[in-house]
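Listing of start-v4.txt; format and content: compact mmCIF, C-alpha atoms.
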```txt
# COMPACT_ATOMS: atom_id res chain seq x y z
CA MET A 1 0.00 0.00 0.00
CA PHE A 2 1.46 3.31 -1.12
CA GLU A 3 0.88 6.21 1.30
CA THR A 4 1.52 9.90 0.81
CA ASP A 5 0.35 13.30 1.99
CA LEU A 6 -1.45 15.32 -0.65
CA ARG A 7 -1.21 19.08 -0.17
CA LEU A 8 -4.49 20.79 -1.13
CA THR A 9 -4.71 24.28 -2.60
CA ASP A 10 -5.95 25.71 0.71
CA GLY A 11 -2.85 24.39 2.52
CA ARG A 12 -4.49 21.40 4.21
CA ALA A 13 -2.98 17.96 3.71
CA LEU A 14 -4.83 14.69 3.19
CA HIS A 15 -3.14 11.40 3.96
CA VAL A 16 -3.84 9.26 0.86
CA TYR A 17 -3.58 5.51 0.33
CA ASP A 18 -3.30 3.76 -3.05
CA SER A 19 -3.03 -0.01 -3.45
CA ALA A 20 -1.77 0.05 -7.04
CA PRO A 21 -0.38 3.44 -8.11
CA CYS A 22 -0.27 3.95 -11.88
CA ASP A 23 -2.15 0.69 -12.60
CA ASP A 24 -4.66 1.88 -15.18
CA GLY A 25 -5.77 -1.70 -15.84
CA ARG A 26 -7.60 -1.87 -12.54
CA LEU A 27 -10.91 -0.25 -11.67
CA ALA A 28 -10.25 2.45 -9.10
CA VAL A 29 -12.58 2.33 -6.10
CA VAL A 30 -12.36 5.26 -3.72
CA THR A 31 -13.40 4.24 -0.21
CA LEU A 32 -14.77 6.66 2.37
CA GLY A 33 -14.98 5.14 5.82
CA VAL A 34 -15.15 1.56 4.47
CA PRO A 35 -12.38 -0.67 5.84
CA THR A 36 -10.63 -2.54 3.03
CA ASP A 37 -8.38 -4.87 5.04
CA ASP A 38 -10.74 -7.81 4.59
CA LEU A 39 -11.43 -6.93 0.95
CA TYR A 40 -7.95 -7.16 -0.56
CA GLU A 41 -8.42 -10.73 -1.79
CA ALA A 42 -11.75 -9.91 -3.43
CA GLY A 43 -10.21 -6.73 -4.82
CA GLU A 44 -7.42 -8.75 -6.39
CA TRP A 45 -9.67 -11.19 -8.24
CA LEU A 46 -11.98 -8.35 -9.30
CA GLY A 47 -9.06 -6.21 -10.47
CA ILE A 48 -9.68 -3.34 -8.05
CA ARG A 49 -7.32 -0.52 -7.18
CA TRP A 50 -8.11 0.87 -3.72
CA ILE A 51 -7.74 4.60 -3.16
CA SER A 52 -8.70 6.26 0.10
CA CYS A 53 -7.80 9.12 2.38
CA ASP A 54 -8.16 9.89 6.04
CA LEU A 55 -11.54 11.55 6.42
CA THR A 56 -12.14 14.54 8.64
CA SER A 57 -15.24 16.61 9.20
CA SER A 58 -13.83 19.12 6.71
CA THR A 59 -13.20 16.66 3.85
CA THR A 60 -15.15 17.79 0.77
CA ALA A 61 -16.06 16.45 -2.65
CA ALA A 62 -13.50 18.89 -4.10
CA ASP A 63 -10.84 17.30 -1.86
CA LEU A 64 -11.71 13.89 -3.30
CA ALA A 65 -11.50 15.32 -6.81
CA ALA A 66 -7.94 16.41 -5.96
CA VAL A 67 -7.16 12.89 -4.69
CA VAL A 68 -8.28 11.14 -7.88
CA ASP A 69 -6.65 13.82 -10.04
CA ALA A 70 -3.34 13.31 -8.20
CA ALA A 71 -3.71 9.55 -8.74
CA CYS A 72 -4.26 10.20 -12.49
CA VAL A 73 -7.61 8.41 -12.38
CA GLU A 74 -10.27 9.41 -14.87
CA GLY A 75 -13.17 7.02 -14.14
CA PHE A 76 -13.78 5.39 -10.76
CA ALA A 77 -16.37 4.07 -8.32
CA LEU A 78 -17.06 5.24 -4.78
CA MET A 79 -17.91 3.28 -1.61
CA GLY A 80 -18.88 5.18 1.53
CA HIS A 81 -20.15 4.34 5.02
CA ALA A 82 -22.37 6.72 7.02
CA GLU A 83 -21.03 10.27 6.45
CA GLY A 84 -18.73 8.71 3.84
CA GLY A 85 -21.86 7.64 1.93
CA ALA A 86 -23.17 11.19 1.82
CA LEU A 87 -19.71 12.40 0.75
CA ALA A 88 -19.68 9.75 -2.01
CA LEU A 89 -23.00 11.07 -3.31
CA ARG A 90 -21.78 14.69 -3.16
CA THR A 91 -18.63 13.65 -5.05
CA ALA A 92 -20.68 11.83 -7.69
CA ALA A 93 -22.76 14.99 -8.16
CA LEU A 94 -19.64 17.16 -8.50
CA LEU A 95 -17.67 14.89 -10.82
CA GLY A 96 -20.54 13.59 -12.96
CA ASP A 97 -19.51 11.06 -15.61
CA ARG A 98 -16.14 10.39 -13.97
CA VAL A 99 -18.00 8.47 -11.24
CA GLU A 100 -19.13 5.18 -12.77
CA ALA A 101 -20.99 3.81 -9.73
CA VAL A 102 -21.60 4.55 -6.05
CA VAL A 103 -22.18 2.21 -3.10
CA THR A 104 -23.35 3.54 0.24
CA PHE A 105 -23.61 1.70 3.55
CA ALA A 106 -25.98 3.26 6.11
CA SER A 107 -25.62 6.66 4.47
CA THR A 108 -26.50 9.89 6.15
CA LEU A 109 -28.42 12.34 3.98
CA PRO A 110 -26.91 14.92 1.66
CA ALA A 111 -28.94 17.89 0.49
CA GLU A 112 -31.76 16.82 -1.82
CA PHE A 113 -30.70 19.05 -4.72
CA ILE A 114 -27.38 17.16 -4.89
CA LEU A 115 -29.19 13.92 -5.71
CA THR A 116 -30.62 15.28 -8.95
CA ALA A 117 -27.05 15.59 -10.27
CA VAL A 118 -26.23 11.92 -9.57
CA ASP A 119 -27.13 10.09 -12.74
CA GLY A 120 -25.10 6.88 -12.46
CA PRO A 121 -26.03 3.63 -10.69
CA VAL A 122 -26.14 3.74 -6.88
CA LEU A 123 -26.34 0.73 -4.54
CA LEU A 124 -27.84 1.71 -1.16
CA CYS A 125 -27.03 -0.95 1.47
CA HIS A 126 -28.66 -0.60 4.87
CA GLY A 127 -29.20 -2.85 7.86
CA LEU A 128 -32.75 -2.88 9.14
CA ASP A 129 -31.44 -3.09 12.73
CA ASP A 130 -29.41 0.14 12.37
CA VAL A 131 -30.19 2.42 15.33
CA VAL A 132 -27.48 4.98 14.43
CA VAL A 133 -28.70 5.92 10.94
CA PRO A 134 -32.31 4.91 10.24
CA PRO A 135 -32.98 2.64 7.24
CA ALA A 136 -35.51 5.27 6.15
CA ASN A 137 -32.51 7.30 4.96
CA SER A 138 -31.70 4.76 2.24
CA ARG A 139 -35.36 4.47 1.28
CA TRP A 140 -35.54 8.26 0.93
CA LEU A 141 -32.35 8.34 -1.13
CA ALA A 142 -33.68 5.57 -3.40
CA SER A 143 -36.84 7.58 -4.06
CA ARG A 144 -34.78 10.55 -5.27
CA LEU A 145 -31.94 8.99 -7.28
CA ALA A 146 -32.06 8.26 -11.01
CA LEU A 147 -30.67 4.68 -10.90
CA PRO A 148 -30.95 3.32 -7.35
CA THR A 149 -30.73 -0.26 -6.13
CA LEU A 150 -32.02 -0.54 -2.56
CA ASP A 151 -30.40 -3.42 -0.65
CA LEU A 152 -31.94 -3.79 2.85
CA HIS A 153 -30.71 -6.49 5.24
CA PRO A 154 -32.64 -7.81 8.25
CA HIS A 155 -30.57 -8.40 11.38
CA LEU A 156 -27.69 -6.17 10.25
CA ASP A 157 -26.90 -2.91 12.03
CA HIS A 158 -24.80 0.19 11.44
CA THR A 159 -21.50 -1.70 11.59
CA THR A 160 -22.42 -5.22 10.48
CA ILE A 161 -23.83 -3.85 7.19
CA LEU A 162 -20.18 -3.63 6.14
CA THR A 163 -20.24 -7.43 5.80
CA GLN A 164 -21.95 -6.67 2.49
CA SER A 165 -18.83 -4.96 1.12
CA GLU A 166 -17.67 -7.93 -0.95
CA PRO A 167 -21.05 -8.41 -2.69
CA ALA A 168 -21.04 -4.64 -3.24
CA LEU A 169 -17.71 -4.94 -5.06
CA GLU A 170 -19.24 -7.50 -7.37
CA TRP A 171 -22.15 -5.10 -7.95
CA ILE A 172 -19.63 -2.35 -8.82
CA ARG A 173 -17.89 -4.67 -11.29
CA ASP A 174 -21.26 -5.48 -12.91
CA HIS A 175 -22.24 -1.78 -13.16
CA THR A 176 -19.02 -0.25 -14.48
CA GLY A 177 -17.59 -0.32 -17.95
```

In structure tokens, what does this structure look like?
Amino acid sequence: MFETDLRLTDGRALHVYDSAPCDDGRLAVVTLGVPTDDLYEAGEWLGIRWISCDLTSSTTAADLAAVVDAACVEGFALMGHAEGGALALRTAALLGDRVEAVVTFASTLPAEFILTAVDGPVLLCHGLDDVVVPPANSRWLASRLALPTLDLHPHLDHTTILTQSEPALEWIRDHTG
């Protein structure tokens, strides 16, 4: 795993991780709050290049644009958990066609007007036993997105929904070109 600090135009630095720098043959998946340690094997057989950065409360969609630009990535997918899910949707709205697919896990809600700019496929995974972020969030998002797939799971909660990360990678592979 390659690690570096990326200096942003406003002087802040983001600590960035890249599993396969300069490997254009792999689909880049930018993760936002989704642990990838258990997903490396699946990522290998699916041909995935992991890119992520340390998230703070001030991380923006423009910051993520700088991350993928610095990594020389044109098209990519996003996976985000909780606030990372909302940031993934905001990034998809900002970067348009560059974002090939989005997966959210127990996403918090971005502003509604942002969702009208997200025109690619979005997989919304949510555990029905989530008491941190209500499953109604994903239902609401699904009702406002152009190409949603709502994936609700009984008996999974805010954290255990991340057990659906590997199937979500397969979904990404099926929904990207």

I'd like the contact shell of Thr104 in chain A - 9 Å cut-off, all atoms listed in the file, skipping same-chain residues fewer than 6 positions apart - returned as number ranges by chain. A: 78-82, 84-86, 88-89, 122-126, 138

Rounded to one decimal place, report the CA of Ala146 in chain A-CA of Asp97 in chain A distance in Å. 13.7 Å

Test item: axis-aligned box, all listed atoms of range 124-131 of chain A, 4 Å on each side, centre and edges in Å rounded to one decimal, as AutoDock Vina command-line options:
```
--center_x -29.9 --center_y -0.3 --center_z 7.1 --size_x 13.7 --size_y 13.5 --size_z 24.5
```

Counting only C-alpha atoms, which residues in range 107-144 of chain A sit no more than 9 Å from range 154-169 of chain A? For each one, give the nearest pair of atoms and the distance in Å, sorted by chain then residue number, as JSON lines.
```
{"residue": "A:Leu123", "atom": "CA", "partner": "A:Ala168", "partner_atom": "CA", "distance": 7.7}
{"residue": "A:Cys125", "atom": "CA", "partner": "A:Ile161", "partner_atom": "CA", "distance": 7.2}
{"residue": "A:His126", "atom": "CA", "partner": "A:Ile161", "partner_atom": "CA", "distance": 6.3}
{"residue": "A:Gly127", "atom": "CA", "partner": "A:Leu156", "partner_atom": "CA", "distance": 4.4}
{"residue": "A:Leu128", "atom": "CA", "partner": "A:Pro154", "partner_atom": "CA", "distance": 5.0}
{"residue": "A:Asp129", "atom": "CA", "partner": "A:Asp157", "partner_atom": "CA", "distance": 4.6}
{"residue": "A:Asp130", "atom": "CA", "partner": "A:Asp157", "partner_atom": "CA", "distance": 4.0}
{"residue": "A:Val131", "atom": "CA", "partner": "A:His158", "partner_atom": "CA", "distance": 7.0}
{"residue": "A:Val132", "atom": "CA", "partner": "A:His158", "partner_atom": "CA", "distance": 6.3}
{"residue": "A:Val133", "atom": "CA", "partner": "A:His158", "partner_atom": "CA", "distance": 6.9}
{"residue": "A:Pro134", "atom": "CA", "partner": "A:His158", "partner_atom": "CA", "distance": 9.0}
```

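For the set A:Arg90, A:Arg139, A:Arg7, A:Arg98, the residue with the smallest atom-to-atom gap to Cys72 in chain A is A:Arg98, counting only C-alpha atoms.
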
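Take CA of Leu46 in chain A and CA of Val118 in chain A: the distance between them is 24.8 Å.
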
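Atom pair CA of Gly96 in chain A / CA of Phe76 in chain A has a distance of 10.9 Å (rounded to one decimal).
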
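Comparing A:Val73, A:Val68, A:Ser57, A:Tyr40 by their smallest distance to Gly25 in chain A, the closest is A:Val73 (using only C-alpha atoms).
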
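The list of residues with at least one atom within 9 Å of Ile48 in chain A, based on only C-alpha atoms and without residues fewer than 2 positions apart in the same chain, reads Ser19, Ala20, Gly25, Arg26, Leu27, Ala28, Val29, Tyr40, Ala42, Gly43, Glu44, Trp45, Leu46, Trp50, Leu169 and Arg173 of chain A.
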
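For the set A:Asp151, A:Asp10, A:Glu100, A:Glu3, the residue with the smallest atom-to-atom gap to Ala66 in chain A is A:Asp10, counting all atoms listed in the file.
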
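Among the candidates A:Leu152, A:Ala70, A:Leu39, A:Val16, the residue lying nearest to Ser52 in chain A is A:Val16 (atoms considered: all atoms listed in the file).
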
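Of the listed residues (A:Leu150, A:Val67, A:Ala136, A:Ile51), A:Val67 comes nearest to Thr9 in chain A; the distances count all atoms listed in the file.
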